[in-house]
Amino acid sequence: MAKDGTNRGGARIGAGRKKDVLVDKINSDKIKNTYVLPQPEELSGQDMPPISDYLKQEQKNGEKFYVEEVYEETWRWLKIHECEHLVSKQLIEQYAMMVSRWIQCEQAISEFGFLAKHPTTGNAIASPYVSMSKDYMKQINNLWYQIYQVVRENASVAYDGPNPKDDLMEKLLRSKK
């Protein structure tokens, strides 16, 4: 509560005691009277939900849009950790769209540079693509933390491999060829 008596701000995200993830609880026997189900011999496959049409629309500049790739890669990563049913399709789509827009901004920065011409004075100003890129990256991080938190708290097997977010720069560099 602020000095003026108003309740502004609220609790900070991530503040407070850290929760143990499911894997740690299982390994340290903190979960009492539980039974870990055996893995079935034959796993049934589940198709990836189709990507929405608005994400497939052709871009104005005619260049490749990476939404489908990012969406499929993220969904496959969630499927490996058996958490694809816990994360909403809309969250995955938002994440894929933000990553694709970020790549577009970075491509524009590479094409046009870091400086732009002011429309009225003609002086050099910072390119608007730089600030847009920064904003998209902030949104990407927020969405990724939401997705990763679900996996972290619900995966029954510890994970220490690569994750789709690590490949963003690689995608960007591949797109410049």
# chains A, B, ... in the order shown; residues from 1 in each chain; ligands from 1

$ residues_around --residues "Val67 (chain A)" --least-positions-apart "2" --cutoff "8 Å" --atoms "only C-alpha atoms" --output "compact mmCIF listing (two decimals) with C-alpha atoms, in the first residue's frame"
# COMPACT_ATOMS: atom_id res chain seq x y z
CA LEU A 55 -1.29 -16.18 -39.44
CA LYS A 56 -0.73 -17.57 -42.95
CA PHE A 65 6.87 -15.06 -42.72
CA GLU A 69 7.77 -22.66 -38.48
CA VAL A 70 7.87 -21.13 -35.01
CA TYR A 71 4.40 -22.44 -34.18
CA GLU A 93 0.09 -18.41 -31.83
CA ALA A 96 4.89 -17.36 -33.00
CA MET A 97 3.50 -14.06 -34.32
CA VAL A 99 8.84 -13.94 -33.10
CA SER A 100 7.95 -13.53 -36.78

$ select_by_dssp --residues "region 10-136 of chain A" --states "helix (DSSP H, G or I)" --output "number ranges by chain"
A: 22-27, 53-55, 67-80, 89-112, 128-136

$ atom_distance --atom1 "CA of Ser110 (chain A)" --atom2 "CA of Ala126 (chain A)"
13.6 Å

$ atom_distance --atom1 "CA of Asn27 (chain A)" --atom2 "CA of Val151 (chain A)"
16.9 Å

$ closest_residue --among "A:Gln59, A:Ser52, A:Thr74, A:Ser131" --to "Leu115 (chain A)" --atoms "only C-alpha atoms"
A:Ser131

$ select_by_dssp --residues "region 117-148 of chain A" --states "strand (DSSP E)" --output "list in words"
Lys117, Ala124, Ile125 and Ala126 of chain A

$ write_last_selection --atoms "C-alpha atoms" --output "PDB file, in the first residue's frame"
ATOM      1  CA  LYS A 117      15.308  10.557 -42.036  1.00  0.00           C
ATOM      2  CA  ALA A 124      18.847  11.800 -38.952  1.00  0.00           C
ATOM      3  CA  ILE A 125      16.797   9.990 -36.313  1.00  0.00           C
ATOM      4  CA  ALA A 126      16.839   6.485 -34.886  1.00  0.00           C
TER       5      ALA A 126
END

$ atom_distance --atom1 "CA of Arg8 (chain A)" --atom2 "CA of Trp144 (chain A)"
26.6 Å

$ decode --residues "region 85-114 of chain A" --atoms "C-alpha atoms" --output "PDB file, in the first residue's frame"
ATOM      1  CA  HIS A  85      -2.456 -29.858 -23.756  1.00  0.00           C
ATOM      2  CA  LEU A  86      -1.628 -27.421 -20.923  1.00  0.00           C
ATOM      3  CA  VAL A  87      -0.666 -24.437 -23.090  1.00  0.00           C
ATOM      4  CA  SER A  88      -3.428 -22.743 -25.059  1.00  0.00           C
ATOM      5  CA  LYS A  89      -3.263 -22.583 -28.831  1.00  0.00           C
ATOM      6  CA  GLN A  90      -3.688 -18.801 -28.654  1.00  0.00           C
ATOM      7  CA  LEU A  91      -0.593 -18.421 -26.472  1.00  0.00           C
ATOM      8  CA  ILE A  92       1.497 -20.442 -28.916  1.00  0.00           C
ATOM      9  CA  GLU A  93       0.093 -18.414 -31.829  1.00  0.00           C
ATOM     10  CA  GLN A  94       0.853 -15.117 -30.071  1.00  0.00           C
ATOM     11  CA  TYR A  95       4.403 -16.267 -29.373  1.00  0.00           C
ATOM     12  CA  ALA A  96       4.895 -17.363 -32.998  1.00  0.00           C
ATOM     13  CA  MET A  97       3.500 -14.061 -34.324  1.00  0.00           C
ATOM     14  CA  MET A  98       5.752 -11.948 -32.091  1.00  0.00           C
ATOM     15  CA  VAL A  99       8.837 -13.943 -33.104  1.00  0.00           C
ATOM     16  CA  SER A 100       7.947 -13.527 -36.783  1.00  0.00           C
ATOM     17  CA  ARG A 101       7.377  -9.792 -36.401  1.00  0.00           C
ATOM     18  CA  TRP A 102      10.687  -9.454 -34.549  1.00  0.00           C
ATOM     19  CA  ILE A 103      12.463 -11.211 -37.425  1.00  0.00           C
ATOM     20  CA  GLN A 104      10.764  -8.806 -39.863  1.00  0.00           C
ATOM     21  CA  CYS A 105      11.999  -5.815 -37.854  1.00  0.00           C
ATOM     22  CA  GLU A 106      15.532  -7.182 -37.761  1.00  0.00           C
ATOM     23  CA  GLN A 107      15.441  -7.754 -41.523  1.00  0.00           C
ATOM     24  CA  ALA A 108      14.260  -4.156 -42.008  1.00  0.00           C
ATOM     25  CA  ILE A 109      17.096  -2.899 -39.797  1.00  0.00           C
ATOM     26  CA  SER A 110      19.565  -4.875 -41.904  1.00  0.00           C
ATOM     27  CA  GLU A 111      18.075  -3.484 -45.105  1.00  0.00           C
ATOM     28  CA  PHE A 112      17.551   0.166 -44.128  1.00  0.00           C
ATOM     29  CA  GLY A 113      20.073   0.652 -41.311  1.00  0.00           C
ATOM     30  CA  PHE A 114      19.840   2.054 -37.815  1.00  0.00           C
TER      31      PHE A 114
END
